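These notes concern the structure reproduced below.
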Amino acid sequence: MSLFPPDIEKTAAKIIADFTAKGLMVATAESCTGGLISGALTDIAGSSAVVDRGLVTYTNEAKAEILGVSIETLTTFGAVSRETALKMAAGALDKSRAAVSIAVTGIAGPGGGSAAKPVGLVHLAASNRHGKILHREMRYGDIGRSEVRLATLRTALEMLQEIAEA
């Protein structure tokens with residue numbers, strides 16, 4: 001029995017199978033999901049051939065120290081921004097032997113939102129070693145902390161599938 005809903009388990013299993021067939025490894029850089037992406041992938045047997053590492057960088061300090069996101073980026077744009085997500089994805093590639101990376105940063109709630117950056121706002125970025133970069137700004141709404149995190153997980157898995165084909 002999986003820890004995750006059936007649709008997530010099915011998508012994660014497809015990613016593990018597809019990435020294994022292509023010889024691709026993935027690195028994750030997660031903030032608001034707190035490791036759910038790497039957790040969903042490693043819930044699948046055979047994931048050790050695909051998952052290189054999962055980095056949970058919840059604080060700004062962790063984003064800077066572990067992923068190399070500059071303090072200037074964090075100060076200018078904020079932790080929850082396109083710019084930070086893109087730097088997180090790049091940092092995950094730089095700090096791993098993975099061929100692709102996925103990064104997420106957002107406001108899961110219930111607090112922490114503002115008019116400019118409401119609860120449910122998540123920035124996701126994926127990159128590969130061929131220079132392909134994807135970004136999505138998702139506004140899931142104030143649907144509950146667990147629901148925002150699961151919705152982010154679903155979007156992240158979709159993006160991993162897309163970046164692997166690029």
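Ligands are numbered from 1 in the order shown, residues from 1 within each chain, and chains are lettered A, B, ... in the order they appear in the structure tokens.
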| All residues 7 Å or closer to range 13-22 of chain A, only C-alpha atoms, same chain fewer than 2 positions away omitted, as a list in words |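 In the requested format, the answer is Glu9, Lys10, Thr11, Leu24, Met25, Ile44, Ser47, Ala49, Val50 and Gln161 of chain A.
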| request: Determine, counting only C-alpha atoms, which protein, DNA and RNA residues have an atom within 12 Å of an atom of Gly141 in chain A; residues of the same chain fewer than 4 positions away are not included. Present the result as a PyMOL selection string. | output: chain A and resi 106-110+113+117-122+145+147-149+151-152
Selected residues, N, CA and C atoms, written as a PDB file, in the first residue's frame, please.
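Saved file result00.pdb follows:
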ATOM      1  N   GLY A 106       6.641  27.817  -2.063  1.00  0.00           N
ATOM      2  CA  GLY A 106       5.308  28.392  -2.047  1.00  0.00           C
ATOM      3  C   GLY A 106       4.781  28.642  -0.652  1.00  0.00           C
ATOM      4  N   ILE A 107       3.529  29.047  -0.613  1.00  0.00           N
ATOM      5  CA  ILE A 107       2.848  29.347   0.649  1.00  0.00           C
ATOM      6  C   ILE A 107       1.688  28.365   0.801  1.00  0.00           C
ATOM      7  N   ALA A 108       1.890  27.358   1.632  1.00  0.00           N
ATOM      8  CA  ALA A 108       0.877  26.324   1.807  1.00  0.00           C
ATOM      9  C   ALA A 108      -0.220  26.733   2.783  1.00  0.00           C
ATOM     10  N   GLY A 109       0.083  27.688   3.652  1.00  0.00           N
ATOM     11  CA  GLY A 109      -0.917  28.157   4.604  1.00  0.00           C
ATOM     12  C   GLY A 109      -0.901  27.356   5.902  1.00  0.00           C
ATOM     13  N   PRO A 110      -1.820  27.624   6.789  1.00  0.00           N
ATOM     14  CA  PRO A 110      -2.960  28.515   6.588  1.00  0.00           C
ATOM     15  C   PRO A 110      -2.587  29.991   6.649  1.00  0.00           C
ATOM     16  N   GLY A 113       0.352  34.287   3.962  1.00  0.00           N
ATOM     17  CA  GLY A 113       0.053  34.911   2.682  1.00  0.00           C
ATOM     18  C   GLY A 113      -0.104  36.413   2.802  1.00  0.00           C
ATOM     19  N   LYS A 117       1.161  37.926  -2.479  1.00  0.00           N
ATOM     20  CA  LYS A 117       1.535  36.508  -2.476  1.00  0.00           C
ATOM     21  C   LYS A 117       0.581  35.764  -1.552  1.00  0.00           C
ATOM     22  N   PRO A 118      -0.586  35.386  -2.097  1.00  0.00           N
ATOM     23  CA  PRO A 118      -1.609  34.754  -1.254  1.00  0.00           C
ATOM     24  C   PRO A 118      -1.291  33.298  -0.921  1.00  0.00           C
ATOM     25  N   VAL A 119      -1.954  32.800   0.108  1.00  0.00           N
ATOM     26  CA  VAL A 119      -1.879  31.374   0.420  1.00  0.00           C
ATOM     27  C   VAL A 119      -2.291  30.597  -0.820  1.00  0.00           C
ATOM     28  N   GLY A 120      -1.530  29.565  -1.125  1.00  0.00           N
ATOM     29  CA  GLY A 120      -1.805  28.755  -2.309  1.00  0.00           C
ATOM     30  C   GLY A 120      -0.938  29.107  -3.496  1.00  0.00           C
ATOM     31  N   LEU A 121      -0.141  30.186  -3.395  1.00  0.00           N
ATOM     32  CA  LEU A 121       0.786  30.555  -4.465  1.00  0.00           C
ATOM     33  C   LEU A 121       2.018  29.667  -4.380  1.00  0.00           C
ATOM     34  N   VAL A 122       2.347  29.014  -5.483  1.00  0.00           N
ATOM     35  CA  VAL A 122       3.532  28.146  -5.537  1.00  0.00           C
ATOM     36  C   VAL A 122       4.250  28.392  -6.860  1.00  0.00           C
ATOM     37  N   ARG A 145      -3.677  23.404   3.823  1.00  0.00           N
ATOM     38  CA  ARG A 145      -2.243  23.123   3.739  1.00  0.00           C
ATOM     39  C   ARG A 145      -1.934  21.800   3.024  1.00  0.00           C
ATOM     40  N   GLU A 147      -3.800  20.073   1.029  1.00  0.00           N
ATOM     41  CA  GLU A 147      -4.274  20.095  -0.347  1.00  0.00           C
ATOM     42  C   GLU A 147      -3.346  20.901  -1.250  1.00  0.00           C
ATOM     43  N   VAL A 148      -2.813  22.027  -0.729  1.00  0.00           N
ATOM     44  CA  VAL A 148      -1.845  22.811  -1.507  1.00  0.00           C
ATOM     45  C   VAL A 148      -0.596  21.972  -1.757  1.00  0.00           C
ATOM     46  N   ARG A 149      -0.141  21.266  -0.750  1.00  0.00           N
ATOM     47  CA  ARG A 149       1.076  20.457  -0.890  1.00  0.00           C
ATOM     48  C   ARG A 149       0.861  19.304  -1.870  1.00  0.00           C
ATOM     49  N   ALA A 151      -1.414  19.220  -4.322  1.00  0.00           N
ATOM     50  CA  ALA A 151      -1.569  19.814  -5.655  1.00  0.00           C
ATOM     51  C   ALA A 151      -0.200  20.174  -6.227  1.00  0.00           C
ATOM     52  N   THR A 152       0.677  20.697  -5.387  1.00  0.00           N
ATOM     53  CA  THR A 152       2.037  21.027  -5.825  1.00  0.00           C
ATOM     54  C   THR A 152       2.782  19.765  -6.241  1.00  0.00           C
TER      55      THR A 152
END
| request: Excluding range 78-93 of chain A and any residue of its chain fewer than 5 positions from it, enumerate the residues within 10 Å of it, using only C-alpha atoms, and give them as number ranges by chain. | output: A: 26-32, 53-55, 57-60, 63-64, 66-73, 98-107, 117, 121-129, 131, 133-137
Give me every strand (DSSP E or B) residue in range 8-92 of chain A, going by DSSP on the backbone, as a PDB file with C-alpha atoms, in the first residue's frame.
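Printed below is selection_33.pdb as written:
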ATOM      1  CA  VAL A  26      16.515  13.371 -10.690  1.00  0.00           C
ATOM      2  CA  ALA A  27      17.293  15.774  -7.869  1.00  0.00           C
ATOM      3  CA  THR A  28      14.603  17.633  -5.958  1.00  0.00           C
ATOM      4  CA  ALA A  29      14.803  20.979  -4.175  1.00  0.00           C
ATOM      5  CA  GLU A  30      11.730  21.356  -2.005  1.00  0.00           C
ATOM      6  CA  VAL A  51      16.464   9.450  -7.440  1.00  0.00           C
ATOM      7  CA  ASP A  52      19.910  10.931  -6.872  1.00  0.00           C
ATOM      8  CA  ARG A  53      18.954  13.190  -3.969  1.00  0.00           C
ATOM      9  CA  GLY A  54      16.196  15.208  -2.395  1.00  0.00           C
ATOM     10  CA  LEU A  55      17.036  18.514  -0.768  1.00  0.00           C
ATOM     11  CA  VAL A  56      14.544  20.098   1.610  1.00  0.00           C
TER      12      VAL A  56
END
| message | Which residues are near Leu3 in chain A? Cut-off 10 Å, only C-alpha atoms, ignore same chain within fewer than 3 positions. Put them as number ranges by chain. | response | A: 6, 8-9, 39-40, 43
| DSSP on the backbone: what in chain A comes out helix (DSSP H, G or I), as number ranges by chain? | A: 6-22, 36-42, 47-49, 60-67, 71-77, 82-94, 145-165
| query | At what distance in Å, to one decimal, does CA of Ala12 in chain A lie from CA of Leu41 in chain A? | reply | 5.4 Å
